[in-house]
Amino acid sequence: MPNVVEHTRATLNFSAGPAVLPESVLLQAREALWDIDDTGIGILEHSHRGPAVDRVFEEAKATCRRVGNIPDDFEVLFLQGGASLQFGMLAMAFLSTGRTGDYLHTGAWTKRAIADARVVGDVHVAFDGSNDDFRSIPEAADIAWSEHPAYAAYCSNNTIYGTRFDTAPDASAPLVADMSSEMFSRPIDWSKHAMVYAGGQKNLGPAGVTLAVIKRDFLELARRDLPDMLRYDLHASKDSRYNTPPVFAIYVCGLVLKWIEEMGGTEAMTARNDAKAKCIYDAIDSSGGFWKGHANSSCRSVMNIPFVSPTPEQDAEFLAIAAKAGMSGLKGHRSVGGLRASVYNAFPEQGCEALASLMRDFAKR
């Protein structure tokens with residue numbers, strides 16, 4: 001695959017997910033649908049226990065470790081059910097009687113994670129950002145962990161509200177992160193985390209696959225008296241193939257990981273993503289108040305940028321103009337309104353420049 005970001009399609013995809021994929025990945029996946037590795041059989045038709053899929057899994061895991069700089073004492077799992085299943089699965093595996101699950105509540109997805117954990121056991125909300133409409137991320141002084149939590153959970157990047165943690169919070173309990181909307185967009189500090197998970201459809205590949213990276217000493221604490229599909233240890237022992245996995249989604253995820261590696265890895269992604277986001281934030285900040293971002297400037301997301309104009313009517317007018325200019329997926333989430341630009345790893349730089357130019361012209365007019 002080429003080591004440049006190409007964009008030849010007519011439409012710029014700003015969707016929050018399922019989201020933009022590298023064009024070179026899509027072209028390679030198209031070929032594999034018909035015939036992978038000159039087997040005469042497409043990737044969708046191969047047995048999940050055959051040699052062709054063995055290679056897909058081996059390469060995807062090995063590339064994931066290299067790209068993420070994942071230490072050897074972590075398991076890499078490809079699971080199903082999205083990040084949403086992880087909300088309950090995490091609690092069922094680790095939330096034992098007499099312990100609490102501690103959560104930093106910073107948006108819609110932590111709300112759902114907290115609700116699912118409460119079905120299983122005791123939950124302690126160590127920070128609640130709802131009073132500020134989730135515009136900010138807590139400082140250390142704002143967090144009140146419980147005395148003996150089984151784990152501490154947070155969402156590193158909030159897709160809807162456009163906030164992110166610049167660094168992982170400090171916690172004495174095993175720290176678990178939902179990184180669905182920013183996985184491998186920047187390096188991960190594994191020394192702080194016991195587990196990281198991410199749904200695939202935002203920054204890793206298509207919907208249908210979930211990546212979970214779990215430290216082995218934390219995995220040892222997981223309950224075994226659960227239905228098989230909810231057991232992390234069983235998935236680990238079966239190489240993520242206890243049942244028939246979403247092979248095509250994992251194959252594409254492996255291609256995306258190779259693309260990140262060829263682009264220079266997470267360090268290169270960080271520089272590129274920072275520049276892309278700055279382009280749009282500069283258009284907001286230089287508009288004299290016409291455009292307003294939702295998140296406080298101290299904790300703005302680099303992946304998801306929600307913003308509004310002075311009126312809903314002007315929001316709608318801008319959306320119509322943007323659509324005519326070949327921009328899709330810019331309508332904001334109903335919780336925030338306005339507009340939202342999601343500019344994941346594979347989103348092209350020239351797309352951010354085009355949006356920023358359109359925003360400046362619209363604000364002046």
# chains A, B, ... in the order shown; residues from 1 in each chain; ligands from 1

$ residues_around --residues "Ser286 in chain A" --least-positions-apart "5" --cutoff "10 Å" --atoms "only C-alpha atoms" --output "list in words"
Tyr281, Trp291, Arg360 and Ala363 of chain A

$ write_last_selection --atoms "C-alpha atoms" --output "compact mmCIF listing (two decimals), in the first residue's frame"
# COMPACT_ATOMS: atom_id res chain seq x y z
CA TYR A 281 -10.50 24.77 15.47
CA TRP A 291 -18.89 29.43 15.34
CA ARG A 360 -14.80 30.97 7.11
CA ALA A 363 -19.24 33.14 8.75

$ select_by_dssp --residues "range 145-336 of chain A" --states "strand (DSSP E)" --output "JSON, numbers by chain"
{"A": [149, 150, 151, 152, 153, 154, 155, 157, 158, 163, 164, 175, 176, 177, 178, 195, 196, 197, 198, 199, 210, 211, 212, 213, 214, 215, 292, 293, 304, 305, 306, 307, 308, 327, 328]}

$ residues_around --residues "Val176 in chain A" --least-positions-apart "4" --cutoff "7 Å" --atoms "only C-alpha atoms" --output "ChimeraX atom specification"
/A:151-154,193-196

$ write_last_selection --atoms "C-alpha atoms" --output "compact mmCIF listing (two decimals), in the first residue's frame"
# COMPACT_ATOMS: atom_id res chain seq x y z
CA TYR A 151 -11.40 -1.32 38.58
CA ALA A 152 -11.54 2.31 37.48
CA ALA A 153 -13.14 3.01 34.10
CA TYR A 154 -13.15 6.00 31.80
CA HIS A 193 -3.75 0.65 31.98
CA ALA A 194 -4.95 -2.84 32.82
CA MET A 195 -7.32 -2.98 29.85
CA VAL A 196 -8.22 -0.98 26.77

$ residues_around --residues "range 103-105 of chain A" --least-positions-apart "2" --cutoff "8 Å" --atoms "only C-alpha atoms" --output "PyMOL selection string"
chain A and resi 101+107+110-111+114+123-130+143+152-155

$ residues_around --residues "range 28-33 of chain A" --least-positions-apart "3" --cutoff "6 Å" --atoms "only C-alpha atoms" --output "list of chain:residue names"
A:Val25, A:Ile36, A:Gly42, A:Ile43

$ closest_residue --among "A:Asp361, A:Pro306, A:Ala52, A:Asp133" --to "Ala322 in chain A" --atoms "only C-alpha atoms"
A:Asp361

$ closest_residue --among "A:Trp109, A:Phe184, A:Phe94, A:Tyr232" --to "Glu267 in chain A" --atoms "only C-alpha atoms"
A:Phe184

$ closest_residue --among "A:Gln350, A:Ser357, A:Asn243, A:Ser185" --to "Asp282 in chain A" --atoms "only C-alpha atoms"
A:Ser357

$ residues_around --residues "Pro187 in chain A" --least-positions-apart "5" --cutoff "9 Å" --atoms "only C-alpha atoms" --output "ChimeraX atom specification"
/A:67-69,265-267,269-270

$ write_last_selection --atoms "C-alpha atoms" --output "short mmCIF file (atom, residue, chain, number, x, y, z; two decimals), in the first residue's frame"
data_model
loop_
_atom_site.label_atom_id
_atom_site.label_comp_id
_atom_site.auth_asym_id
_atom_site.auth_seq_id
_atom_site.Cartn_x
_atom_site.Cartn_y
_atom_site.Cartn_z
CA VAL A 67 1.60 -0.35 15.95
CA GLY A 68 0.37 -0.05 19.51
CA ASN A 69 3.75 -0.86 21.08
CA GLY A 265 2.86 4.68 13.41
CA THR A 266 0.99 6.39 16.22
CA GLU A 267 3.59 9.14 16.61
CA MET A 269 -0.70 9.89 13.45
CA THR A 270 -0.49 12.24 16.44
#

$ closest_residue --among "A:Gly337, A:Gly254, A:Gly264, A:Gly326" --to "Lys61 in chain A" --atoms "only C-alpha atoms"
A:Gly254

$ residues_around --residues "range 70-73 of chain A" --least-positions-apart "4" --cutoff "10 Å" --atoms "only C-alpha atoms" --output "count of residues only"
14

$ closest_residue --among "A:Cys299, A:Ala354, A:Arg241, A:Ser96" --to "Thr167 in chain A" --atoms "only C-alpha atoms"
A:Cys299

$ decode --residues "range 123-195 of chain A" --atoms "C-alpha atoms" --output "PDB file, in the first residue's frame"
ATOM      1  CA  VAL A 123     -20.989   1.379  41.074  1.00  0.00           C
ATOM      2  CA  HIS A 124     -19.276   4.518  42.307  1.00  0.00           C
ATOM      3  CA  VAL A 125     -19.298   7.608  40.094  1.00  0.00           C
ATOM      4  CA  ALA A 126     -15.983   9.264  40.882  1.00  0.00           C
ATOM      5  CA  PHE A 127     -16.716  12.254  38.633  1.00  0.00           C
ATOM      6  CA  ASP A 128     -19.940  13.480  37.043  1.00  0.00           C
ATOM      7  CA  GLY A 129     -19.663  15.952  34.177  1.00  0.00           C
ATOM      8  CA  SER A 130     -23.391  16.137  33.423  1.00  0.00           C
ATOM      9  CA  ASN A 131     -23.876  19.418  35.323  1.00  0.00           C
ATOM     10  CA  ASP A 132     -21.592  21.127  32.800  1.00  0.00           C
ATOM     11  CA  ASP A 133     -23.213  19.395  29.807  1.00  0.00           C
ATOM     12  CA  PHE A 134     -20.037  17.327  29.473  1.00  0.00           C
ATOM     13  CA  ARG A 135     -17.910  20.224  28.246  1.00  0.00           C
ATOM     14  CA  SER A 136     -14.842  19.299  30.255  1.00  0.00           C
ATOM     15  CA  ILE A 137     -12.627  16.495  31.501  1.00  0.00           C
ATOM     16  CA  PRO A 138     -11.886  16.231  35.236  1.00  0.00           C
ATOM     17  CA  GLU A 139      -8.669  17.400  36.794  1.00  0.00           C
ATOM     18  CA  ALA A 140      -7.118  15.079  39.385  1.00  0.00           C
ATOM     19  CA  ALA A 141      -8.644  17.167  42.199  1.00  0.00           C
ATOM     20  CA  ASP A 142     -12.135  16.644  40.731  1.00  0.00           C
ATOM     21  CA  ILE A 143     -11.947  12.840  40.985  1.00  0.00           C
ATOM     22  CA  ALA A 144     -13.014  10.994  44.143  1.00  0.00           C
ATOM     23  CA  TRP A 145     -12.253   7.288  43.772  1.00  0.00           C
ATOM     24  CA  SER A 146     -13.835   4.856  46.225  1.00  0.00           C
ATOM     25  CA  GLU A 147     -11.728   3.058  48.815  1.00  0.00           C
ATOM     26  CA  HIS A 148     -11.372  -0.395  47.215  1.00  0.00           C
ATOM     27  CA  PRO A 149     -12.613  -0.422  43.628  1.00  0.00           C
ATOM     28  CA  ALA A 150     -12.301  -3.553  41.526  1.00  0.00           C
ATOM     29  CA  TYR A 151     -11.403  -1.323  38.580  1.00  0.00           C
ATOM     30  CA  ALA A 152     -11.540   2.308  37.485  1.00  0.00           C
ATOM     31  CA  ALA A 153     -13.136   3.008  34.095  1.00  0.00           C
ATOM     32  CA  TYR A 154     -13.147   6.002  31.799  1.00  0.00           C
ATOM     33  CA  CYS A 155     -13.715   6.937  28.154  1.00  0.00           C
ATOM     34  CA  SER A 156     -10.591   8.554  26.727  1.00  0.00           C
ATOM     35  CA  ASN A 157     -12.325  10.419  23.889  1.00  0.00           C
ATOM     36  CA  ASN A 158     -15.983  11.423  23.834  1.00  0.00           C
ATOM     37  CA  THR A 159     -17.416  11.159  20.342  1.00  0.00           C
ATOM     38  CA  ILE A 160     -20.601  13.136  20.971  1.00  0.00           C
ATOM     39  CA  TYR A 161     -19.348  15.965  23.179  1.00  0.00           C
ATOM     40  CA  GLY A 162     -15.908  16.378  21.627  1.00  0.00           C
ATOM     41  CA  THR A 163     -13.737  16.106  24.744  1.00  0.00           C
ATOM     42  CA  ARG A 164     -10.733  13.933  25.492  1.00  0.00           C
ATOM     43  CA  PHE A 165      -8.244  13.135  28.245  1.00  0.00           C
ATOM     44  CA  ASP A 166      -4.831  14.522  27.316  1.00  0.00           C
ATOM     45  CA  THR A 167      -3.285  11.952  29.639  1.00  0.00           C
ATOM     46  CA  ALA A 168      -4.748   8.907  31.371  1.00  0.00           C
ATOM     47  CA  PRO A 169      -6.092   9.598  34.875  1.00  0.00           C
ATOM     48  CA  ASP A 170      -4.152   8.295  37.852  1.00  0.00           C
ATOM     49  CA  ALA A 171      -5.851   5.464  39.719  1.00  0.00           C
ATOM     50  CA  SER A 172      -4.678   2.897  42.244  1.00  0.00           C
ATOM     51  CA  ALA A 173      -7.157   0.326  40.922  1.00  0.00           C
ATOM     52  CA  PRO A 174      -6.728  -1.396  37.529  1.00  0.00           C
ATOM     53  CA  LEU A 175      -7.503   1.287  34.951  1.00  0.00           C
ATOM     54  CA  VAL A 176      -9.826   0.401  32.048  1.00  0.00           C
ATOM     55  CA  ALA A 177     -10.301   2.688  29.029  1.00  0.00           C
ATOM     56  CA  ASP A 178     -12.928   2.799  26.309  1.00  0.00           C
ATOM     57  CA  MET A 179     -10.886   4.158  23.372  1.00  0.00           C
ATOM     58  CA  SER A 180     -13.411   3.435  20.650  1.00  0.00           C
ATOM     59  CA  SER A 181     -13.161   6.776  18.866  1.00  0.00           C
ATOM     60  CA  GLU A 182      -9.413   7.331  19.113  1.00  0.00           C
ATOM     61  CA  MET A 183      -7.696   3.934  19.206  1.00  0.00           C
ATOM     62  CA  PHE A 184      -4.179   4.229  17.755  1.00  0.00           C
ATOM     63  CA  SER A 185      -4.617   7.895  16.890  1.00  0.00           C
ATOM     64  CA  ARG A 186      -1.847   8.560  19.429  1.00  0.00           C
ATOM     65  CA  PRO A 187       0.448   6.430  21.631  1.00  0.00           C
ATOM     66  CA  ILE A 188      -1.072   4.660  24.648  1.00  0.00           C
ATOM     67  CA  ASP A 189       0.584   4.652  28.069  1.00  0.00           C
ATOM     68  CA  TRP A 190       0.302   0.949  28.836  1.00  0.00           C
ATOM     69  CA  SER A 191       1.971   1.376  32.216  1.00  0.00           C
ATOM     70  CA  LYS A 192      -1.214   3.063  33.449  1.00  0.00           C
ATOM     71  CA  HIS A 193      -3.751   0.648  31.984  1.00  0.00           C
ATOM     72  CA  ALA A 194      -4.954  -2.845  32.823  1.00  0.00           C
ATOM     73  CA  MET A 195      -7.316  -2.976  29.854  1.00  0.00           C
TER      74      MET A 195
END
